[in-house]
file structure-v9.csv (CSV, C-alpha atoms (C1' of nucleotides))
chain,number,residue,atom,x,y,z
I,101,MET,CA,-5.6,225.0,159.3
I,102,THR,CA,-2.6,222.8,158.7
I,103,LYS,CA,0.4,222.1,160.9
I,104,SER,CA,2.4,224.5,158.8
I,105,SER,CA,1.3,227.3,161.0
I,106,GLU,CA,3.2,225.9,163.9
I,107,CYS,CA,6.6,226.0,162.4
I,108,CYS,CA,8.9,227.6,159.9
I,109,ASN,CA,8.9,224.5,157.8
I,110,THR,CA,5.9,222.9,156.2
I,111,HIS,CA,4.6,219.7,157.7
I,112,ASN,CA,2.3,217.3,156.1
I,113,PRO,CA,3.2,213.9,157.6
I,114,THR,CA,1.4,210.8,156.6
I,115,PRO,CA,-1.8,210.8,158.6
I,116,GLY,CA,-1.5,208.6,161.7
I,117,ALA,CA,1.9,207.3,160.8
I,118,VAL,CA,3.8,209.2,163.5
I,119,GLU,CA,1.4,208.3,166.2
I,120,PHE,CA,1.4,204.7,165.2
I,121,VAL,CA,5.2,204.5,165.3
I,122,GLN,CA,5.5,206.5,168.5
I,123,GLU,CA,3.4,204.1,170.4
I,124,LYS,CA,5.5,201.1,169.4
I,125,MET,CA,9.0,202.6,169.7
I,126,CYS,CA,11.4,201.7,172.4
I,127,PRO,CA,12.0,204.4,175.1
I,128,LYS,CA,14.3,207.1,174.0
I,129,GLU,CA,16.8,206.3,176.7
I,130,THR,CA,17.1,202.7,175.6
I,131,LEU,CA,17.8,203.8,172.0
I,132,ASN,CA,20.4,206.3,173.2
I,133,ASP,CA,22.1,203.6,175.3
I,134,LEU,CA,22.1,201.4,172.2
I,135,ALA,CA,23.7,204.1,170.2
I,136,VAL,CA,26.4,204.5,172.9
I,137,THR,CA,27.2,200.8,172.7
I,138,PHE,CA,27.5,200.9,169.0
I,139,LYS,CA,29.5,204.1,169.0
I,140,ILE,CA,32.1,202.4,171.2
I,141,LEU,CA,32.2,199.5,168.7
I,142,GLY,CA,32.4,201.9,165.8
I,143,GLU,CA,36.1,202.6,166.1
I,144,PRO,CA,38.5,200.2,164.3
I,145,VAL,CA,41.1,200.3,167.1
I,146,ARG,CA,38.5,199.3,169.7
I,147,ILE,CA,37.0,196.6,167.6
I,148,LYS,CA,40.4,195.1,167.1
I,149,ILE,CA,41.2,195.3,170.8
I,150,LEU,CA,38.0,193.5,171.6
I,151,HIS,CA,38.5,190.9,168.9
I,152,ALA,CA,42.0,190.2,170.0
I,153,LEU,CA,40.9,189.9,173.6
I,154,SER,CA,38.2,187.4,172.5
I,155,ILE,CA,41.1,185.2,171.4
I,156,ARG,CA,43.4,185.6,174.4
I,157,ASP,CA,43.9,187.8,177.4
I,158,LEU,CA,46.6,190.4,176.6
I,159,CYS,CA,48.5,193.2,178.3
I,160,VAL,CA,48.8,196.7,177.1
I,161,CYS,CA,52.2,196.0,175.7
I,162,ASP,CA,50.9,193.0,173.6
I,163,LEU,CA,48.1,195.1,172.2
I,164,SER,CA,50.5,197.9,171.4
I,165,GLU,CA,52.7,195.6,169.4
I,166,LEU,CA,49.8,193.7,167.8
I,167,LEU,CA,48.0,196.8,166.6
I,168,GLU,CA,51.2,198.8,166.0
I,169,MET,CA,50.1,201.7,168.1
I,170,SER,CA,51.7,203.5,171.0
I,171,HIS,CA,51.2,202.3,174.6
I,172,SER,CA,49.4,205.6,175.3
I,173,ALA,CA,46.9,205.4,172.5
I,174,ILE,CA,46.1,201.8,173.5
I,175,SER,CA,45.8,202.7,177.1
I,176,HIS,CA,43.4,205.6,176.3
I,177,GLN,CA,41.2,203.3,174.3
I,178,LEU,CA,41.3,200.6,177.0
I,179,ARG,CA,40.1,203.2,179.4
I,180,ILE,CA,37.0,203.9,177.2
I,181,LEU,CA,36.4,200.2,177.0
I,182,ARG,CA,36.8,199.8,180.8
I,183,THR,CA,34.4,202.7,181.4
I,184,ALA,CA,31.9,201.0,179.2
I,185,ARG,CA,32.5,197.7,181.1
I,186,MET,CA,33.4,195.9,177.9
I,187,VAL,CA,36.8,194.9,179.3
I,188,ARG,CA,38.3,194.5,182.7
I,189,PHE,CA,41.9,194.0,183.9
I,190,GLU,CA,43.9,192.2,186.5
I,191,LYS,CA,47.2,193.4,187.8
I,192,ASN,CA,50.0,190.9,187.5
I,193,GLY,CA,53.2,192.5,188.8
I,194,ARG,CA,53.6,195.6,186.8
I,195,ARG,CA,51.4,194.3,184.0
I,196,ALA,CA,47.8,194.9,183.5
I,197,ILE,CA,46.2,191.8,181.9
I,198,TYR,CA,43.1,192.8,180.0
I,199,SER,CA,40.2,190.5,179.2
I,200,LEU,CA,36.6,190.8,177.9
I,201,ASN,CA,34.2,191.6,180.8
I,202,ASP,CA,31.4,189.4,179.5
I,203,LYS,CA,30.2,187.6,176.4
I,204,HIS,CA,27.8,190.2,175.2
I,205,VAL,CA,30.2,192.2,173.0
I,206,GLU,CA,31.5,189.0,171.5
I,207,ILE,CA,28.1,187.9,170.5
I,208,ILE,CA,27.1,191.2,169.1
I,209,MET,CA,30.3,191.3,167.0
I,210,GLN,CA,29.7,187.8,165.8
I,211,THR,CA,26.1,188.5,164.9
I,212,ALA,CA,27.1,191.6,162.9
I,213,LEU,CA,29.9,189.7,161.2
I,214,ALA,CA,27.7,186.8,160.3
I,215,HIS,CA,25.2,189.1,158.7
I,216,MET,CA,27.8,191.3,157.0
I,217,LEU,CA,29.4,188.3,155.4
I,218,LYS,CA,26.3,186.4,154.5
I,219,ASP,CA,24.8,188.4,151.6
I,220,GLY,CA,25.5,191.7,153.1
I,221,CYS,CA,28.0,193.1,150.7
I,222,GLU,CA,25.9,192.5,147.7
I,223,ILE,CA,22.9,194.5,146.7
I,224,PRO,CA,19.9,192.5,147.8
I,225,GLN,CA,17.6,192.8,144.8
I,226,GLY,CA,14.5,193.6,146.6
I,227,GLU,CA,11.4,193.2,144.5
I,228,LYS,CA,10.0,196.6,143.9
A,211,MET,CA,69.2,192.3,173.3
A,212,THR,CA,65.6,193.2,173.7
A,213,LYS,CA,63.1,194.7,171.3
A,214,SER,CA,63.6,198.0,173.0
A,215,SER,CA,66.3,198.8,170.5
A,216,GLU,CA,63.8,198.9,167.7
A,217,CYS,CA,61.7,201.6,169.0
A,218,CYS,CA,61.6,204.6,171.2
A,219,ASN,CA,59.3,202.8,173.6
A,220,THR,CA,60.2,199.7,175.6
A,221,HIS,CA,58.6,196.5,174.5
A,222,ASN,CA,58.4,193.3,176.4
A,223,PRO,CA,55.2,191.6,175.2
A,224,THR,CA,54.1,188.3,176.6
A,225,PRO,CA,56.2,185.7,174.8
A,226,GLY,CA,54.3,184.1,171.9
A,227,ALA,CA,51.0,185.9,172.7
A,228,VAL,CA,51.1,188.4,169.8
A,229,GLU,CA,51.9,185.7,167.3
A,230,PHE,CA,49.2,183.4,168.7
A,231,VAL,CA,46.5,186.1,168.4
A,232,GLN,CA,47.7,187.3,165.1
A,233,GLU,CA,47.2,183.9,163.5
A,234,LYS,CA,43.6,183.7,164.7
A,235,MET,CA,42.5,187.2,164.1
A,236,CYS,CA,40.0,188.1,161.3
A,237,PRO,CA,41.5,190.0,158.4
A,238,LYS,CA,42.0,193.7,159.1
A,239,GLU,CA,39.6,194.7,156.3
A,240,THR,CA,36.8,192.7,157.8
A,241,LEU,CA,37.3,194.3,161.2
A,242,ASN,CA,37.4,197.7,159.6
A,243,ASP,CA,34.2,197.0,157.8
A,244,LEU,CA,32.6,195.9,161.0
A,245,ALA,CA,33.7,199.1,162.7
A,246,VAL,CA,32.1,201.1,159.8
A,247,THR,CA,28.8,199.3,160.3
A,248,PHE,CA,28.9,200.0,164.1
A,249,LYS,CA,29.9,203.6,163.6
A,250,ILE,CA,26.8,204.2,161.5
A,251,LEU,CA,24.7,202.6,164.2
A,252,GLY,CA,26.5,204.7,166.8
A,253,GLU,CA,24.5,207.8,166.3
A,254,PRO,CA,21.3,208.3,168.3
A,255,VAL,CA,19.5,209.9,165.4
A,256,ARG,CA,20.4,207.1,163.0
A,257,ILE,CA,19.4,204.4,165.5
A,258,LYS,CA,16.1,206.1,166.0
A,259,ILE,CA,15.5,206.3,162.3
A,260,LEU,CA,16.3,202.7,161.7
A,261,HIS,CA,14.2,201.6,164.7
A,262,ALA,CA,11.3,203.7,163.5
A,263,LEU,CA,11.5,202.3,160.0
A,264,SER,CA,11.6,198.8,161.5
A,265,ILE,CA,8.0,199.5,162.7
A,266,ARG,CA,6.7,201.2,159.6
A,267,ASP,CA,7.8,202.8,156.3
A,268,LEU,CA,8.0,206.6,156.7
A,269,CYS,CA,8.7,209.6,154.6
A,270,VAL,CA,11.2,212.4,155.5
A,271,CYS,CA,8.4,214.5,156.8
A,272,ASP,CA,7.2,211.8,159.2
A,273,LEU,CA,10.7,211.2,160.6
A,274,SER,CA,11.2,214.9,160.9
A,275,GLU,CA,8.1,215.2,163.1
A,276,LEU,CA,8.7,212.0,165.0
A,277,LEU,CA,12.3,212.9,166.0
A,278,GLU,CA,11.7,216.6,166.2
A,279,MET,CA,14.4,217.5,163.8
A,280,SER,CA,14.7,219.6,160.7
A,281,HIS,CA,13.9,218.1,157.3
A,282,SER,CA,17.5,218.9,156.3
A,283,ALA,CA,19.1,217.1,159.2
A,284,ILE,CA,17.0,214.0,158.7
A,285,SER,CA,17.7,214.0,155.0
A,286,HIS,CA,21.4,214.2,155.6
A,287,GLN,CA,21.3,211.3,157.9
A,288,LEU,CA,19.1,209.3,155.5
A,289,ARG,CA,21.8,209.9,152.9
A,290,ILE,CA,24.4,208.3,155.1
A,291,LEU,CA,22.1,205.3,155.8
A,292,ARG,CA,21.3,205.0,152.0
A,293,THR,CA,25.0,205.0,151.2
A,294,ALA,CA,25.5,202.3,153.7
A,295,ARG,CA,22.7,200.4,152.1
A,296,MET,CA,20.8,200.2,155.4
A,297,VAL,CA,17.7,201.9,154.0
A,298,ARG,CA,16.2,202.5,150.6
A,299,PHE,CA,13.5,204.7,149.3
A,300,GLU,CA,10.7,204.7,146.8
A,301,LYS,CA,9.3,207.9,145.3
A,302,ASN,CA,5.6,208.3,145.8
A,303,GLY,CA,4.5,211.6,144.2
A,304,ARG,CA,6.7,214.2,145.8
A,305,ARG,CA,7.3,212.0,148.8
A,306,ALA,CA,10.2,209.7,149.4
A,307,ILE,CA,9.0,206.7,151.3
A,308,TYR,CA,11.9,205.2,153.2
A,309,SER,CA,12.2,201.6,154.4
A,310,LEU,CA,14.8,199.2,155.8
A,311,ASN,CA,16.9,197.7,153.0
A,312,ASP,CA,17.1,194.3,154.6
A,313,LYS,CA,16.8,192.5,158.0
A,314,HIS,CA,20.4,192.6,159.0
A,315,VAL,CA,20.4,195.8,160.8
A,316,GLU,CA,17.2,195.0,162.6
A,317,ILE,CA,18.7,191.7,163.8
A,318,ILE,CA,21.9,193.3,165.0
A,319,MET,CA,20.0,195.9,166.9
A,320,GLN,CA,17.8,193.3,168.5
A,321,THR,CA,20.8,191.2,169.5
A,322,ALA,CA,22.5,194.2,171.0
A,323,LEU,CA,19.3,195.2,172.8
A,324,ALA,CA,18.7,191.8,174.2
A,325,HIS,CA,22.2,191.6,175.6
A,326,MET,CA,22.1,195.1,177.0
A,327,LEU,CA,18.8,194.4,178.8
A,328,LYS,CA,19.9,190.9,179.7
A,329,ASP,CA,16.6,189.3,180.9
A,330,GLY,CA,14.6,188.6,177.8
A,331,CYS,CA,13.3,192.0,177.0
A,332,GLU,CA,10.3,192.3,174.7
A,333,ILE,CA,11.1,194.4,171.7
A,334,PRO,CA,8.0,196.1,170.2
A,335,GLN,CA,7.9,194.7,166.8
A,336,GLY,CA,5.8,196.2,164.0
A,337,GLU,CA,4.2,193.6,161.7
A,338,LYS,CA,3.9,194.5,158.1
S,265,DT,C1',2.2,229.2,134.0
S,266,DT,C1',2.9,230.2,138.9
S,267,DA,C1',2.9,228.9,143.7
S,268,DA,C1',3.3,225.6,147.2
S,269,DC,C1',5.3,221.5,148.6
S,270,DA,C1',8.9,217.6,149.6
S,271,DT,C1',13.3,216.4,149.5
S,272,DA,C1',18.3,216.8,148.5
S,273,DT,C1',22.7,218.9,149.0
S,274,DG,C1',27.0,222.0,149.3
S,275,DA,C1',29.2,225.1,152.5
S,276,DA,C1',30.1,226.9,157.0
S,277,DC,C1',30.4,226.2,161.6
S,278,DA,C1',30.7,224.1,166.0
S,279,DT,C1',31.4,220.1,168.6
S,280,DC,C1',33.3,215.7,169.4
S,281,DT,C1',37.0,212.5,169.5
S,282,DG,C1',41.4,210.0,168.8
S,283,DT,C1',46.4,210.5,168.9
S,284,DT,C1',50.5,212.5,170.5
S,285,DC,C1',53.4,214.4,174.0
S,286,DA,C1',54.7,215.1,178.5
S,287,DT,C1',54.4,213.5,182.9
S,288,DA,C1',52.7,210.8,186.9
S,289,DT,C1',52.2,206.5,189.4
S,290,DA,C1',53.5,202.0,190.7
S,291,DT,C1',56.2,197.8,190.5
S,292,DT,C1',60.5,195.2,190.0
S,293,DA,C1',65.5,194.6,189.5
S,294,DA,C1',70.1,195.9,190.6
Z,132,DT,C1',68.2,203.7,197.1
Z,133,DT,C1',68.3,204.3,192.0
Z,134,DA,C1',67.1,202.7,187.4
Z,135,DA,C1',64.3,200.4,184.4
Z,136,DT,C1',59.8,198.9,183.3
Z,137,DA,C1',54.5,199.0,182.6
Z,138,DT,C1',50.7,201.6,182.6
Z,139,DA,C1',47.7,205.7,183.2
Z,140,DT,C1',46.2,210.3,182.3
Z,141,DG,C1',45.8,215.5,181.4
Z,142,DA,C1',46.4,218.9,177.8
Z,143,DA,C1',46.8,220.2,173.2
Z,144,DC,C1',46.2,219.5,168.6
Z,145,DA,C1',44.1,217.8,164.3
Z,146,DG,C1',40.8,215.5,161.9
Z,147,DA,C1',36.1,213.7,161.6
Z,148,DT,C1',31.2,214.6,161.9
Z,149,DG,C1',26.4,216.5,162.6
Z,150,DT,C1',23.5,220.5,162.3
Z,151,DT,C1',22.1,224.8,160.3
Z,152,DC,C1',21.4,227.8,156.5
Z,153,DA,C1',20.8,228.7,151.9
Z,154,DT,C1',19.7,227.0,147.7
Z,155,DA,C1',18.6,223.6,144.1
Z,156,DT,C1',15.7,220.0,142.0
Z,157,DG,C1',11.5,218.0,141.1
Z,158,DT,C1',6.4,217.2,141.8
Z,159,DT,C1',1.6,218.6,142.4
Z,160,DA,C1',-2.1,222.0,142.7
Z,161,DA,C1',-4.4,226.1,141.2

call {"tool": "encode", "arguments": {"input": "structure-v9.csv", "output": "structure tokens"}}
result
Amino acid sequence: MTKSSECCNTHNPTPGAVEFVQEKMCPKETLNDLAVTFKILGEPVRIKILHALSIRDLCVCDLSELLEMSHSAISHQLRILRTARMVRFEKNGRRAIYSLNDKHVEIIMQTALAHMLKDGCEIPQGEK
Amino acid sequence: MTKSSECCNTHNPTPGAVEFVQEKMCPKETLNDLAVTFKILGEPVRIKILHALSIRDLCVCDLSELLEMSHSAISHQLRILRTARMVRFEKNGRRAIYSLNDKHVEIIMQTALAHMLKDGCEIPQGEK
DNA sequence: TTAACATATGAACATCTGTTCATATATTAA
DNA sequence: TTAATATATGAACAGATGTTCATATGTTAA
């Protein structure tokens, strides 16, 4: 009797492979959190906001002009970044001066950039 | 005369701030590419596939069982990862054995994980 | 050859998500 | 106070995206 009987689809996985990998995998929650982090970074506007803030603290108005987007759109995105604790802000009069909350995001972006620009854009001719 | 006249919204950016940042920012295309990379990593299923493949090469059937998803759904996601050159595959009989295309993604994931978990976390690493 | 198997893929569908619009809150200037 | 400024946010809309379903392609076994 094969595993086919358990499901509408046929299943003949590589013997032992699934168990082997299962044992060594990070917890599901960790991987989900990781995906959440990347998802937030996976939007051009947000990457640009974070990159800009890594150069200098800026208010909503500055970001709006820099990225040529409405105040509202920027504010909505900043809210997402705030919720994810990637940025924070300080009130200065009627301005909200935004800055990076810590160095993590910056380091992750720099790592990704370095690896993308190294030999990333070319097809690495892996010996097959 | 303020910049308000140029636009429906009012604009009083911090003097010099936008220009200062503009000069130092990475090219727009680079940041967009970066976002594309992160967007692909920003899906739980894809992160799990990549993480699993970092432990061991697997076929579609294995991934299907490991992640408890249909063959079709896995195959669709693998297509996206292939297009992004994050994975490659080798035909073995009627199987398609998938593996990571290079070490970049693995390193980016590890960097993000390390910073998420802060205190030196140990990442289960499959030796090949 | 025929049947079973392994994967790939287009189309339809539902969900998620980012922007716009309108409006609210809060601060400063007149 | 009133007006202008700066930001925040809910609702609605549109576009993007992941899964399912049906089907196609290609491989191996009988």

call {"tool": "closest_atom_pairs", "arguments": {"input": "structure-v9.csv", "of": "chain A", "to": "chain Z", "cutoff": "7 Å", "atoms": "only C-alpha atoms (C1' of nucleotides)", "output": "JSON lines"}}
result
{"residue": "A:Ala283", "atom": "CA", "partner": "Z:DT150", "partner_atom": "C1'", "distance": 6.4}
{"residue": "A:Gly303", "atom": "CA", "partner": "Z:DT158", "partner_atom": "C1'", "distance": 6.4}
{"residue": "A:Arg304", "atom": "CA", "partner": "Z:DT158", "partner_atom": "C1'", "distance": 5.0}

call {"tool": "write_last_selection", "arguments": {"input": "structure-v9.csv", "atoms": "C-alpha atoms", "output": "short mmCIF file (atom, residue, chain, number, x, y, z; two decimals), in the frame of the given file"}}
result
data_model
loop_
_atom_site.label_atom_id
_atom_site.label_comp_id
_atom_site.auth_asym_id
_atom_site.auth_seq_id
_atom_site.Cartn_x
_atom_site.Cartn_y
_atom_site.Cartn_z
CA ALA A 283 19.10 217.10 159.20
CA GLY A 303 4.50 211.60 144.20
CA ARG A 304 6.70 214.20 145.80
#

call {"tool": "interface_residues", "arguments": {"input": "structure-v9.csv", "of": "chain I", "to": "chain S", "cutoff": "12 Å", "atoms": "all atoms listed in the file", "output": "number ranges by chain"}}
result
I: 104, 109-113, 139-140, 143-146, 169-177, 180, 191-196

call {"tool": "write_last_selection", "arguments": {"input": "structure-v9.csv", "atoms": "C-alpha atoms", "output": "compact mmCIF listing (two decimals), in the coordinates of the input"}}
result
# COMPACT_ATOMS: atom_id res chain seq x y z
CA SER I 104 2.40 224.50 158.80
CA ASN I 109 8.90 224.50 157.80
CA THR I 110 5.90 222.90 156.20
CA HIS I 111 4.60 219.70 157.70
CA ASN I 112 2.30 217.30 156.10
CA PRO I 113 3.20 213.90 157.60
CA LYS I 139 29.50 204.10 169.00
CA ILE I 140 32.10 202.40 171.20
CA GLU I 143 36.10 202.60 166.10
CA PRO I 144 38.50 200.20 164.30
CA VAL I 145 41.10 200.30 167.10
CA ARG I 146 38.50 199.30 169.70
CA MET I 169 50.10 201.70 168.10
CA SER I 170 51.70 203.50 171.00
CA HIS I 171 51.20 202.30 174.60
CA SER I 172 49.40 205.60 175.30
CA ALA I 173 46.90 205.40 172.50
CA ILE I 174 46.10 201.80 173.50
CA SER I 175 45.80 202.70 177.10
CA HIS I 176 43.40 205.60 176.30
CA GLN I 177 41.20 203.30 174.30
CA ILE I 180 37.00 203.90 177.20
CA LYS I 191 47.20 193.40 187.80
CA ASN I 192 50.00 190.90 187.50
CA GLY I 193 53.20 192.50 188.80
CA ARG I 194 53.60 195.60 186.80
CA ARG I 195 51.40 194.30 184.00
CA ALA I 196 47.80 194.90 183.50

call {"tool": "interface_residues", "arguments": {"input": "structure-v9.csv", "of": "chain I", "to": "chain A", "cutoff": "7 Å", "atoms": "all atoms listed in the file", "output": "PyMOL selection string"}}
result
chain I and resi 111-114+118+121+124-126+131-132+134-136+138-139+141-144+147-148+152+155-156+161-162+166+204+208+211-213+215

call {"tool": "atom_distance", "arguments": {"input": "structure-v9.csv", "atom1": "atom CA of I:Glu168", "atom2": "atom CA of I:Phe189"}}
result
20.7 Å

call {"tool": "calpha_fit_rmsd", "arguments": {"input": "structure-v9.csv", "fixed": "chain A", "moving": "chain I"}}
result
7.6 Å

call {"tool": "atom_distance", "arguments": {"input": "structure-v9.csv", "atom1": "atom CA of I:Thr183", "atom2": "atom CA of I:Pro127"}}
result
23.3 Å

call {"tool": "atom_distance", "arguments": {"input": "structure-v9.csv", "atom1": "atom CA of I:Glu206", "atom2": "atom CA of A:Glu316"}}
result
17.9 Å

call {"tool": "residues_around", "arguments": {"input": "structure-v9.csv", "residues": "I:Val187", "least_positions_apart": "3", "cutoff": "8 Å", "atoms": "all atoms listed in the file", "output": "list of chain:residue names"}}
result
I:Leu150, I:Leu178, I:Leu181, I:Arg182, I:Ala184, I:Tyr198, I:Ser199, I:Leu200, I:Asn201, I:Asp202

call {"tool": "build_atoms", "arguments": {"input": "structure-v9.csv", "residues": "stretch 257-276 of chain A", "atoms": "N, CA, C and O atoms", "output": "short mmCIF file (atom, residue, chain, number, x, y, z; two decimals), in the coordinates of the input"}}
result
data_model
loop_
_atom_site.label_atom_id
_atom_site.label_comp_id
_atom_site.auth_asym_id
_atom_site.auth_seq_id
_atom_site.Cartn_x
_atom_site.Cartn_y
_atom_site.Cartn_z
N ILE A 257 20.06 205.52 164.84
CA ILE A 257 19.40 204.40 165.50
C ILE A 257 17.92 204.56 165.55
O ILE A 257 17.15 203.65 165.28
N LYS A 258 17.52 205.78 165.86
CA LYS A 258 16.10 206.10 166.00
C LYS A 258 15.40 205.95 164.63
O LYS A 258 14.29 205.44 164.52
N ILE A 259 16.06 206.46 163.60
CA ILE A 259 15.50 206.30 162.30
C ILE A 259 15.31 204.88 161.89
O ILE A 259 14.24 204.46 161.43
N LEU A 260 16.34 204.09 162.11
CA LEU A 260 16.30 202.70 161.70
C LEU A 260 15.23 201.94 162.56
O LEU A 260 14.47 201.12 162.04
N HIS A 261 15.18 202.27 163.85
CA HIS A 261 14.20 201.60 164.70
C HIS A 261 12.77 201.99 164.26
O HIS A 261 11.89 201.13 164.18
N ALA A 262 12.57 203.26 163.95
CA ALA A 262 11.30 203.70 163.50
C ALA A 262 10.86 203.00 162.18
O ALA A 262 9.74 202.53 162.02
N LEU A 263 11.83 202.90 161.27
CA LEU A 263 11.50 202.30 160.00
C LEU A 263 11.32 200.75 160.14
O LEU A 263 10.72 200.12 159.26
N SER A 264 11.80 200.20 161.24
CA SER A 264 11.60 198.80 161.50
C SER A 264 10.10 198.55 161.89
O SER A 264 9.59 197.44 161.83
N ILE A 265 9.44 199.61 162.29
CA ILE A 265 8.00 199.50 162.70
C ILE A 265 7.12 199.83 161.50
O ILE A 265 6.11 199.18 161.30
N ARG A 266 7.55 200.82 160.68
CA ARG A 266 6.70 201.20 159.60
C ARG A 266 7.51 202.06 158.59
O ARG A 266 8.37 202.82 159.01
N ASP A 267 7.22 201.93 157.33
CA ASP A 267 7.80 202.80 156.30
C ASP A 267 7.38 204.22 156.57
O ASP A 267 6.24 204.46 156.92
N LEU A 268 8.31 205.17 156.39
CA LEU A 268 8.00 206.60 156.70
C LEU A 268 8.66 207.48 155.66
O LEU A 268 9.70 207.14 155.09
N CYS A 269 8.07 208.66 155.49
CA CYS A 269 8.70 209.60 154.60
C CYS A 269 9.55 210.59 155.49
O CYS A 269 9.51 210.55 156.72
N VAL A 270 10.31 211.42 154.82
CA VAL A 270 11.20 212.40 155.50
C VAL A 270 10.43 213.23 156.49
O VAL A 270 10.85 213.47 157.61
N CYS A 271 9.27 213.65 156.03
CA CYS A 271 8.40 214.50 156.80
C CYS A 271 7.99 213.85 158.14
O CYS A 271 8.01 214.46 159.20
N ASP A 272 7.61 212.58 158.03
CA ASP A 272 7.20 211.80 159.20
C ASP A 272 8.37 211.74 160.20
O ASP A 272 8.20 211.99 161.40
N LEU A 273 9.54 211.36 159.70
CA LEU A 273 10.70 211.20 160.60
C LEU A 273 11.08 212.54 161.21
O LEU A 273 11.46 212.60 162.38
N SER A 274 10.93 213.59 160.43
CA SER A 274 11.20 214.90 160.90
C SER A 274 10.34 215.26 162.14
O SER A 274 10.83 215.77 163.16
N GLU A 275 9.06 214.94 162.02
CA GLU A 275 8.10 215.20 163.10
C GLU A 275 8.38 214.27 164.29
O GLU A 275 8.44 214.68 165.46
N LEU A 276 8.55 212.99 163.97
CA LEU A 276 8.70 212.00 165.00
C LEU A 276 9.97 212.26 165.86
O LEU A 276 9.93 212.15 167.09
#
